[in-house]
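Next comes run-v8.cif, with mmCIF, C-alpha atoms and all ligand atoms.
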```cif
data_structure
#
loop_
_atom_site.label_atom_id
_atom_site.label_comp_id
_atom_site.auth_asym_id
_atom_site.auth_seq_id
_atom_site.Cartn_x
_atom_site.Cartn_y
_atom_site.Cartn_z
CA MET Y 1 0.00 0.00 0.00
CA ASN Y 2 1.34 3.46 -0.83
CA ALA Y 3 1.32 5.90 2.08
CA THR Y 4 -0.45 8.53 0.01
CA THR Y 5 -3.31 6.25 -1.02
CA SER Y 6 -4.32 5.09 2.44
CA PRO Y 7 -7.85 3.74 2.73
CA HIS Y 8 -8.20 5.38 6.18
CA PRO Y 9 -10.60 8.34 6.16
CA SER Y 10 -8.79 10.58 8.72
CA ARG Y 11 -6.79 13.43 7.19
CA LEU Y 12 -3.80 12.21 9.16
CA ALA Y 13 -4.09 8.51 8.41
CA GLY Y 14 -1.37 7.03 6.26
CA ARG Y 15 0.86 10.10 6.52
CA SER Y 16 4.45 10.26 7.72
CA LEU Y 17 5.90 12.59 10.35
CA VAL Y 18 9.42 13.29 9.10
CA THR Y 19 9.79 17.00 9.82
CA PRO Y 20 7.81 19.13 12.29
CA THR Y 21 6.13 21.06 9.46
CA ASP Y 22 4.52 17.82 8.25
CA LEU Y 23 1.80 18.72 10.79
CA SER Y 24 -0.15 21.98 10.63
CA GLY Y 25 -1.04 23.80 13.85
CA ASP Y 26 -4.60 22.41 13.62
CA GLU Y 27 -3.31 18.87 13.13
CA ILE Y 28 -1.02 19.23 16.15
CA GLY Y 29 -4.11 20.33 18.09
CA GLU Y 30 -6.00 17.24 16.89
CA ILE Y 31 -3.18 14.94 18.03
CA LEU Y 32 -2.99 16.68 21.41
CA ARG Y 33 -6.75 16.27 21.92
CA LEU Y 34 -6.45 12.55 21.22
CA ALA Y 35 -3.44 12.30 23.56
CA ARG Y 36 -5.49 13.93 26.36
CA THR Y 37 -8.27 11.38 25.77
CA PHE Y 38 -5.76 8.54 26.07
CA LYS Y 39 -4.33 10.02 29.28
CA ARG Y 40 -7.80 10.30 30.86
CA SER Y 41 -9.12 6.93 29.76
CA PRO Y 42 -8.03 3.70 31.43
CA SER Y 43 -9.33 1.60 28.51
CA VAL Y 44 -7.57 2.13 25.22
CA PRO Y 45 -9.38 1.58 21.90
CA GLN Y 46 -7.53 -0.97 19.75
CA TYR Y 47 -6.66 1.39 16.92
CA LEU Y 48 -3.64 -0.77 15.94
CA LYS Y 49 -5.31 -4.16 16.27
CA GLY Y 50 -3.29 -6.68 14.29
CA VAL Y 51 -0.78 -4.10 13.03
CA ALA Y 52 2.96 -4.66 13.43
CA VAL Y 53 4.95 -1.45 13.92
CA GLY Y 54 8.74 -1.36 13.49
CA LEU Y 55 10.73 0.62 16.06
CA LEU Y 56 14.12 1.19 14.47
CA PHE Y 57 16.85 2.73 16.64
CA GLU Y 58 20.29 3.62 15.30
CA GLN Y 59 21.04 5.43 18.58
CA PRO Y 60 20.31 4.83 22.28
CA SER Y 61 16.90 5.69 23.72
CA THR Y 62 15.03 5.25 26.97
CA ARG Y 63 11.85 7.34 26.71
CA THR Y 64 11.16 7.13 22.99
CA ARG Y 65 11.83 3.44 22.69
CA VAL Y 66 9.79 2.40 25.72
CA SER Y 67 6.89 4.81 25.18
CA PHE Y 68 6.45 3.65 21.57
CA ASP Y 69 6.84 -0.03 22.49
CA VAL Y 70 4.26 0.20 25.29
CA GLY Y 71 2.07 2.50 23.20
CA VAL Y 72 1.89 0.07 20.26
CA ALA Y 73 1.02 -2.79 22.63
CA GLN Y 74 -1.68 -0.77 24.43
CA LEU Y 75 -3.30 0.06 21.08
CA GLY Y 76 -3.48 -3.65 20.22
CA GLY Y 77 -0.53 -3.68 17.81
CA HIS Y 78 2.69 -5.64 17.76
CA PRO Y 79 5.95 -3.72 18.30
CA VAL Y 80 9.00 -5.01 16.42
CA VAL Y 81 12.11 -3.43 17.92
CA LEU Y 82 15.01 -3.20 15.49
CA SER Y 83 18.37 -1.91 16.59
CA GLY Y 84 20.27 -0.34 13.69
CA SER Y 85 23.32 -2.50 14.34
CA GLU Y 86 21.26 -5.69 13.89
CA LEU Y 87 19.95 -4.66 10.49
CA GLN Y 88 21.72 -4.98 7.15
CA LEU Y 89 21.41 -1.17 7.09
CA SER Y 90 24.52 -1.16 9.29
CA ARG Y 91 26.36 -3.18 6.58
CA GLY Y 92 25.45 -0.82 3.78
CA GLU Y 93 21.99 -1.96 2.63
CA SER Y 94 20.34 1.21 1.39
CA PRO Y 95 17.64 2.98 3.40
CA GLU Y 96 15.41 2.66 0.30
CA ASP Y 97 15.70 -1.13 0.07
CA THR Y 98 15.33 -1.40 3.86
CA ALA Y 99 12.12 0.66 3.74
CA ARG Y 100 10.67 -1.29 0.77
CA VAL Y 101 11.29 -4.60 2.51
CA LEU Y 102 10.03 -3.51 5.94
CA SER Y 103 6.86 -2.09 4.33
CA ARG Y 104 5.97 -5.65 3.23
CA TYR Y 105 5.74 -6.73 6.89
CA LEU Y 106 4.90 -3.65 8.90
CA GLY Y 107 2.03 -1.14 9.07
CA GLY Y 108 4.34 1.69 10.14
CA ILE Y 109 7.98 2.47 10.90
CA VAL Y 110 9.11 4.60 13.84
CA ALA Y 111 12.78 5.43 13.31
CA ARG Y 112 15.58 7.16 15.19
CA THR Y 113 18.35 7.66 12.68
CA VAL Y 114 21.59 9.52 13.22
CA ARG Y 115 20.96 11.68 10.18
CA GLN Y 116 17.77 13.33 9.00
CA GLU Y 117 18.72 12.37 5.44
CA THR Y 118 18.50 8.65 6.29
CA LEU Y 119 15.02 9.13 7.71
CA GLU Y 120 13.92 11.04 4.62
CA ARG Y 121 15.27 8.30 2.37
CA LEU Y 122 13.40 5.68 4.41
CA ALA Y 123 10.18 7.71 4.22
CA GLY Y 124 10.62 8.40 0.51
CA ALA Y 125 10.73 4.69 -0.32
CA ALA Y 126 8.40 3.25 2.35
CA GLY Y 127 4.87 2.26 1.48
CA VAL Y 128 3.79 2.83 5.09
CA PRO Y 129 3.96 5.88 7.40
CA VAL Y 130 7.41 6.69 8.80
CA ILE Y 131 7.60 8.57 12.12
CA ASN Y 132 10.64 10.58 13.20
CA ALA Y 133 11.80 9.34 16.61
CA LEU Y 134 14.74 11.85 16.60
CA THR Y 135 17.40 12.72 14.09
CA ASP Y 136 20.30 15.16 14.21
CA ARG Y 137 17.84 17.78 12.94
CA PHE Y 138 14.42 17.26 14.54
CA HIS Y 139 12.54 15.55 17.40
CA PRO Y 140 8.84 16.18 16.72
CA CYS Y 141 7.45 13.41 18.96
CA GLN Y 142 9.21 15.00 21.94
CA VAL Y 143 7.72 18.42 21.24
CA LEU Y 144 4.22 16.94 20.88
CA ALA Y 145 4.56 15.55 24.43
CA ASP Y 146 6.03 18.87 25.58
CA LEU Y 147 3.14 20.86 24.08
CA MET Y 148 0.74 18.58 25.93
CA THR Y 149 2.70 19.30 29.13
CA VAL Y 150 2.69 23.08 28.60
CA GLU Y 151 -1.06 23.01 27.98
CA GLU Y 152 -1.64 21.02 31.18
CA ALA Y 153 0.50 23.44 33.19
CA PHE Y 154 -0.93 26.70 31.83
CA GLY Y 155 -4.36 25.68 30.48
CA ARG Y 156 -3.44 27.01 27.02
CA LEU Y 157 -0.70 27.23 24.41
CA GLU Y 158 -1.73 30.48 22.72
CA GLY Y 159 0.29 33.38 24.12
CA ILE Y 160 2.69 31.23 26.16
CA THR Y 161 6.35 32.24 25.81
CA LEU Y 162 9.01 29.52 25.87
CA ALA Y 163 12.67 30.52 26.11
CA TYR Y 164 15.01 27.85 24.76
CA VAL Y 165 18.45 28.40 26.31
CA GLY Y 166 21.57 26.41 25.39
CA ASP Y 167 22.83 24.52 22.35
CA GLY Y 168 21.15 25.19 19.01
CA ASN Y 169 20.23 21.61 18.13
CA ASN Y 170 17.45 19.25 17.04
CA MET Y 171 15.25 20.35 19.97
CA THR Y 172 15.78 24.03 19.13
CA HIS Y 173 14.81 23.41 15.50
CA THR Y 174 11.70 21.52 16.49
CA TRP Y 175 10.56 24.17 18.97
CA LEU Y 176 11.13 26.88 16.36
CA GLU Y 177 8.83 25.06 13.95
CA MET Y 178 6.12 23.63 16.21
CA GLY Y 179 5.71 26.19 19.03
CA PRO Y 180 4.74 29.17 16.86
CA ALA Y 181 2.45 26.93 14.76
CA VAL Y 182 0.21 26.49 17.83
CA GLY Y 183 0.33 30.13 18.93
CA MET Y 184 3.32 30.09 21.29
CA ARG Y 185 6.20 32.58 21.24
CA VAL Y 186 9.63 30.92 21.08
CA VAL Y 187 12.74 32.86 22.09
CA VAL Y 188 16.05 31.15 21.35
CA SER Y 189 19.20 32.01 23.29
CA THR Y 190 22.42 30.37 22.09
CA PRO Y 191 26.07 31.48 22.15
CA PRO Y 192 27.75 32.67 18.96
CA GLY Y 193 28.75 29.71 16.80
CA TYR Y 194 26.32 27.29 18.44
CA GLY Y 195 22.99 28.60 17.16
CA PRO Y 196 20.31 26.71 15.26
CA ASP Y 197 20.76 26.02 11.55
CA PRO Y 198 20.28 29.44 9.87
CA GLU Y 199 17.90 27.89 7.32
CA VAL Y 200 15.58 26.55 10.04
CA ALA Y 201 15.81 29.84 11.96
CA ALA Y 202 14.98 31.90 8.87
CA ALA Y 203 12.07 29.64 7.88
CA ALA Y 204 10.61 29.82 11.39
CA ARG Y 205 10.93 33.60 11.44
CA ALA Y 206 9.36 33.89 7.98
CA ALA Y 207 6.43 31.63 8.95
CA HIS Y 208 5.66 33.48 12.22
CA PRO Y 209 7.56 36.79 12.41
CA ASP Y 210 5.85 37.90 15.67
CA ARG Y 211 6.36 34.61 17.49
CA VAL Y 212 10.07 33.91 16.97
CA ASP Y 213 12.99 35.77 18.53
CA PHE Y 214 16.74 35.24 18.89
CA VAL Y 215 18.32 36.87 21.95
CA GLU Y 216 21.96 36.07 22.71
CA ASP Y 217 21.94 37.13 26.39
CA PRO Y 218 20.18 34.35 28.35
CA ARG Y 219 18.92 36.73 31.08
CA ALA Y 220 17.31 39.00 28.50
CA ALA Y 221 15.96 35.96 26.63
CA VAL Y 222 14.05 34.52 29.60
CA ARG Y 223 12.44 37.85 30.54
CA GLY Y 224 8.67 37.32 30.25
CA ALA Y 225 9.09 33.56 29.64
CA HIS Y 226 6.50 31.19 31.12
CA VAL Y 227 8.75 28.21 30.31
CA VAL Y 228 12.54 27.94 30.32
CA TYR Y 229 13.65 24.94 28.24
CA THR Y 230 17.10 23.47 27.79
CA ASP Y 231 18.73 20.31 26.45
CA THR Y 232 22.09 18.61 26.65
CA PHE Y 233 25.05 20.65 25.38
CA PHE Y 234 26.30 17.56 23.48
CA SER Y 235 23.78 15.65 21.43
CA MET Y 236 24.19 11.92 20.80
CA ALA Y 237 25.87 12.32 17.44
CA GLN Y 238 28.41 14.88 18.78
CA ALA Y 239 31.82 14.39 20.36
CA PRO Y 240 32.68 16.33 23.57
CA ASP Y 241 34.43 19.60 22.77
CA PRO Y 242 35.98 21.84 25.47
CA ASP Y 243 35.53 25.02 23.37
CA LYS Y 244 31.85 24.32 23.04
CA ALA Y 245 31.53 23.55 26.75
CA ARG Y 246 33.18 26.90 27.57
CA ALA Y 247 30.92 28.83 25.18
CA LEU Y 248 27.80 27.20 26.62
CA ALA Y 249 28.72 27.48 30.32
CA PRO Y 250 26.97 30.87 30.76
CA TYR Y 251 23.80 29.28 29.32
CA ARG Y 252 23.36 26.77 32.16
CA VAL Y 253 19.88 27.10 33.68
CA THR Y 254 20.42 28.15 37.28
CA ARG Y 255 18.03 29.44 39.96
CA GLU Y 256 19.45 32.88 39.28
CA LEU Y 257 18.50 32.58 35.58
CA MET Y 258 15.02 31.26 36.46
CA ALA Y 259 14.53 34.36 38.66
CA HIS Y 260 14.70 36.54 35.51
CA ALA Y 261 11.77 34.65 33.94
CA GLU Y 262 8.07 35.28 34.56
CA PRO Y 263 7.03 34.68 38.22
CA GLY Y 264 5.89 31.05 38.46
CA ALA Y 265 7.87 30.07 35.34
CA ARG Y 266 8.32 26.34 34.77
CA PHE Y 267 11.46 24.47 33.75
CA MET Y 268 11.44 21.86 30.97
CA HIS Y 269 14.03 19.48 29.49
CA CYS Y 270 13.52 16.55 27.13
CA LEU Y 271 16.00 14.38 29.14
CA PRO Y 272 18.47 12.80 29.55
CA ALA Y 273 19.85 15.67 31.69
CA HIS Y 274 23.33 16.44 32.96
CA ARG Y 275 23.01 18.15 36.33
CA GLY Y 276 25.63 20.85 36.80
CA GLU Y 277 26.18 21.16 33.05
CA GLU Y 278 23.14 22.53 31.17
CA VAL Y 279 20.96 22.75 34.31
CA ASP Y 280 21.52 22.87 38.05
CA ALA Y 281 20.04 20.17 40.27
CA ASP Y 282 18.15 22.77 42.31
CA VAL Y 283 16.25 23.77 39.15
CA ILE Y 284 15.55 20.40 37.51
CA ASP Y 285 14.66 18.81 40.86
CA SER Y 286 12.56 21.78 42.05
CA ALA Y 287 8.77 22.17 42.13
CA ALA Y 288 9.06 24.36 39.01
CA SER Y 289 10.31 21.42 36.96
CA LEU Y 290 8.00 19.57 34.57
CA VAL Y 291 10.53 17.02 33.31
CA PHE Y 292 8.78 13.87 34.51
CA GLU Y 293 5.40 15.11 33.30
CA GLU Y 294 7.03 15.54 29.88
CA ALA Y 295 8.47 12.03 30.08
CA GLU Y 296 5.08 10.55 31.02
CA ASN Y 297 3.34 12.46 28.26
CA ARG Y 298 5.62 10.82 25.70
CA LEU Y 299 3.46 7.71 26.11
CA HIS Y 300 0.13 9.51 25.60
CA ALA Y 301 1.42 11.67 22.74
CA GLN Y 302 3.11 8.75 20.99
CA LYS Y 303 -0.09 6.70 21.20
CA ALA Y 304 -1.96 9.59 19.60
CA VAL Y 305 0.60 9.82 16.77
CA LEU Y 306 0.37 6.07 16.18
CA ALA Y 307 -3.43 5.96 16.29
CA ALA Y 308 -3.80 8.93 13.94
CA LEU Y 309 -1.04 8.20 11.41
CA VAL Y 310 -0.70 4.40 11.46
CA GLY Y 311 -3.93 3.16 13.05
CA ASN Y 312 -7.59 3.41 12.20
CA TRP Y 313 -8.55 6.33 14.47
CA ARG Y 314 -10.74 8.84 12.68
N1 LIG Y 401 13.83 12.60 25.27
C1 LIG Y 401 14.17 11.48 24.60
O1 LIG Y 401 13.94 11.35 23.40
O2 LIG Y 401 14.70 10.51 25.38
P1 LIG Y 401 15.35 9.15 24.85
O3 LIG Y 401 16.61 9.51 24.11
O4 LIG Y 401 15.61 8.38 26.11
O5 LIG Y 401 14.37 8.47 23.95
N1 LIG Y 402 19.58 16.85 21.55
C1 LIG Y 402 19.55 15.57 22.18
C2 LIG Y 402 18.13 15.15 22.47
C3 LIG Y 402 18.01 13.84 23.21
C4 LIG Y 402 16.59 13.43 23.42
C5 LIG Y 402 20.25 14.55 21.30
O1 LIG Y 402 20.05 14.57 20.09
O2 LIG Y 402 21.01 13.74 21.83
#
```
Represent the supplied structure as structure tokens.
Amino acid sequence: MNATTSPHPSRLAGRSLVTPTDLSGDEIGEILRLARTFKRSPSVPQYLKGVAVGLLFEQPSTRTRVSFDVGVAQLGGHPVVLSGSELQLSRGESPEDTARVLSRYLGGIVARTVRQETLERLAGAAGVPVINALTDRFHPCQVLADLMTVEEAFGRLEGITLAYVGDGNNMTHTWLEMGPAVGMRVVVSTPPGYGPDPEVAAAARAAHPDRVDFVEDPRAAVRGAHVVYTDTFFSMAQAPDPDKARALAPYRVTRELMAHAEPGARFMHCLPAHRGEEVDADVIDSAASLVFEEAENRLHAQKAVLAALVGNWR
């Protein structure tokens, strides 16, 4: 079956989630509504009954891997976990051939690839939906869970300001594309030389000029922020680098930095965290922190993505 000729009637059914802009603001809202239903309801409709879903991981994962595995099972499907090193992909089989073959067995492919290009090649050749479970460029499933968390904490997304402070990476890119699409303001604060990809930054600014800002000074950036968000200074695909660590040191989220944000501001982080590096323990372990709510919401949000894109929810 070709992904674009899905028999499912939902507008989302049969589609892939490769980049954050694959979902419009309204579609993100639809997925978040479904995720809230799943969170409230102890009984889960079997939207994936009889469907096998591949979970392909080229890199380590705790939250994404387990939330998708459990999510597929709760929806009545069969998770097939595939570590990149076990597949012929690791010995040079092309992403295209891998995707064509896997599409003969599976109803959907959730993939964490080192490079965005590999994911796009998989999605381009697959006959089933392909879902981005993190690449060097984007992490849309994380931001869906985060948006759910922000909405729970503040009762709305529209008009909420999130300051992203730290390394300009896959999380920064994803916030720049998904936050403004649902009415949030996203302020990015990164040191010179470690900002987001200029193409992603420019596209985000062009799409929502009033909702995207770049402010180098972290104290100025968090002023008026309801949420202060950070992520590891060294992403999985990156080697440690003392110059980078030095440049990012002033961007660590401390209590002092949080005090410059809006009163009652919340702290968020996709995890895994490095206490004392990008965030202090007395911030991430404080009452202001939402990190474990975000982690829990991965399960509800991932189930919603699966039901809407791969399953027969309508
Ligand atoms: N936040 C996140 O994606 O965590 P994992 O790398 O553990 O999946
Ligand atoms: N930027 C981090 C996110 C981990 C969930 C990484 O890519 O390693």
Show me which residues sit within 7 Å of ligand LIG 401 (chain Y) when counting only C-alpha atoms and all ligand atoms, and put them as a PyMOL selection string.
chain Y and resi 60-65+134+142+270-272
Checklist line | Shell of 10 Å around Ala237 of chain Y, all atoms listed in the file, local chain residues under 6 positions omitted, as number ranges by chain | finding: Y: 59, 114-115, 135-136
Could I get the residues of segment 151-193 of chain Y with an atom no further than 8 Å from an atom of segment 24-36 of chain Y, each paired with its nearest atom pair and that distance in Å to one decimal, using all atoms listed in the file, sorted by chain and residue number, as JSON lines?
```
{"residue": "Y:Met178", "atom": "CA", "partner": "Y:Gly25", "partner_atom": "CA", "distance": 7.5}
{"residue": "Y:Ala181", "atom": "CA", "partner": "Y:Gly25", "partner_atom": "CA", "distance": 4.8}
{"residue": "Y:Val182", "atom": "CA", "partner": "Y:Gly25", "partner_atom": "CA", "distance": 5.0}
```
Based on the selection just made, write C-alpha atoms of those residues as a JSON list (two decimals), in the coordinates of the input.
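Below you can see part.json, which holds the result:
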```
[["chain", "number", "residue", "atom", "x", "y", "z"],
["Y", 178, "MET", "CA", 6.12, 23.63, 16.21],
["Y", 181, "ALA", "CA", 2.45, 26.93, 14.76],
["Y", 182, "VAL", "CA", 0.21, 26.49, 17.83]]
```
Pick from Y:Ile131, Y:Ala307, Y:Leu17, Y:Ile160 nearest to Leu147 of chain Y, counting only C-alpha atoms
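Smallest distance to Leu147 of chain Y is found for Y:Ile160.
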Excluding Arg246 of chain Y and any residue of its chain fewer than 2 positions from it, enumerate the residues within 12 Å of it, using all atoms listed in the file, and give them as an mmCIF file with C-alpha atoms, in the coordinates of the input.
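Written output follows (around_22.cif):
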```cif
data_model
loop_
_atom_site.group_PDB
_atom_site.id
_atom_site.type_symbol
_atom_site.label_atom_id
_atom_site.label_comp_id
_atom_site.auth_asym_id
_atom_site.auth_seq_id
_atom_site.Cartn_x
_atom_site.Cartn_y
_atom_site.Cartn_z
ATOM 1 C CA GLY Y 166 21.570 26.410 25.390
ATOM 2 C CA ASP Y 167 22.830 24.520 22.350
ATOM 3 C CA PRO Y 191 26.070 31.480 22.150
ATOM 4 C CA PRO Y 192 27.750 32.670 18.960
ATOM 5 C CA GLY Y 193 28.750 29.710 16.800
ATOM 6 C CA TYR Y 194 26.320 27.290 18.440
ATOM 7 C CA PHE Y 233 25.050 20.650 25.380
ATOM 8 C CA PRO Y 240 32.680 16.330 23.570
ATOM 9 C CA ASP Y 241 34.430 19.600 22.770
ATOM 10 C CA PRO Y 242 35.980 21.840 25.470
ATOM 11 C CA ASP Y 243 35.530 25.020 23.370
ATOM 12 C CA LYS Y 244 31.850 24.320 23.040
ATOM 13 C CA LEU Y 248 27.800 27.200 26.620
ATOM 14 C CA ALA Y 249 28.720 27.480 30.320
ATOM 15 C CA PRO Y 250 26.970 30.870 30.760
ATOM 16 C CA TYR Y 251 23.800 29.280 29.320
ATOM 17 C CA ARG Y 252 23.360 26.770 32.160
ATOM 18 C CA GLU Y 277 26.180 21.160 33.050
ATOM 19 C CA GLU Y 278 23.140 22.530 31.170
#
```
What box, with edges along x, y and z, holds each listed atom of ligand LIG 402 (chain Y) when 3 Å is added on every side, and can you state its centre and edge lengths in Å to one decimal, as lines of an AutoDock Vina configuration file?
```
center_x = 18.8
center_y = 15.1
center_z = 21.8
size_x = 10.4
size_y = 9.4
size_z = 9.3
```
TODO: Taking (6.9, 14.9, 6.5) in the file's own coordinates, collect the residues within 10 Å, counting all atoms listed in the file, and hand them back as a list in words.
DONE: Arg15, Ser16, Leu17, Val18, Thr19, Pro20, Thr21, Asp22, Leu23, Glu120, Ala123, Gly124, Pro129, Val130, Ile131 and Asn132 of chain Y
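Distance annotation: of Y:Arg266, Y:Arg219, Y:Arg137, Y:Arg104, the residue with the minimal separation from ligand LIG 402 (chain Y) is Y:Arg137; atom set is all atoms listed in the file.
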Interatomic distance, atom CA of Val53 of chain Y to atom CA of Ala111 of chain Y (Å, one decimal):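 These atoms are spaced 10.4 Å apart.
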- Of the residues Y:Ala261, Y:Val128, Y:Ala204, Y:Met236, which is the one nearest to ligand LIG 402 (chain Y), using all atoms listed in the file?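 Among the listed residues, the smallest separation from ligand LIG 402 (chain Y) belongs to Y:Met236.
As for atom CA of Ala125 of chain Y and atom CA of Asp97 of chain Y, they are spaced 7.7 Å apart.
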- Task: Check the smallest atom-to-atom distance from each of Y:Arg298, Y:Arg121, Y:Arg205, Y:Arg185 to ligand LIG 402 (chain Y) using all atoms listed in the file, then report the winner.
- Result: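 Of the candidates, the smallest distance to ligand LIG 402 (chain Y) is held by Y:Arg298.
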Q: Choose the residue, out of Y:Ser235, Y:Thr161, Y:Ser85, Y:Thr37, that has the smallest atom-to-atom separation from ligand LIG 402 (chain Y); count only C-alpha atoms and all ligand atoms.
A: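 The shortest atom-to-atom distance to ligand LIG 402 (chain Y) comes from Y:Ser235.
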Between Y:Val283, Y:Ala52, Y:Met171, Y:Leu106, smallest distance to ligand LIG 402 (chain Y) by all atoms listed in the file belongs to Y:Met171
One-decimal distance in Å that lies between atom CA of Arg11 of chain Y and atom CA of Gln46 of chain Y: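 Calculated distance between atom CA of Gln46 of chain Y and atom CA of Arg11 of chain Y is 19.1 Å.
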(message) So that I can see what lies close to Pro263 of chain Y, please list as a list in words the residues with an atom at most 10 Å from it, counting all atoms listed in the file and leaving out residues fewer than 6 positions away in the same chain.
(response)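 The filter keeps Arg223, Gly224, Ala225 and His226 of chain Y.
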Write the residues you've just listed into a file as a short mmCIF file (atom, residue, chain, number, x, y, z; two decimals), in the frame of the given file, and include C-alpha atoms for each of them.
```cif
data_model
loop_
_atom_site.label_atom_id
_atom_site.label_comp_id
_atom_site.auth_asym_id
_atom_site.auth_seq_id
_atom_site.Cartn_x
_atom_site.Cartn_y
_atom_site.Cartn_z
CA ARG Y 223 12.44 37.85 30.54
CA GLY Y 224 8.67 37.32 30.25
CA ALA Y 225 9.09 33.56 29.64
CA HIS Y 226 6.50 31.19 31.12
#
```
| message | Would you pick out the contacts of Leu82 of chain Y at 9 Å or less, using all atoms listed in the file, so that residues sharing its chain but fewer than 2 positions from it are not included, and give the list as JSON, numbers by chain? | response | {"Y": [54, 55, 56, 57, 58, 80, 84, 85, 86, 87]}
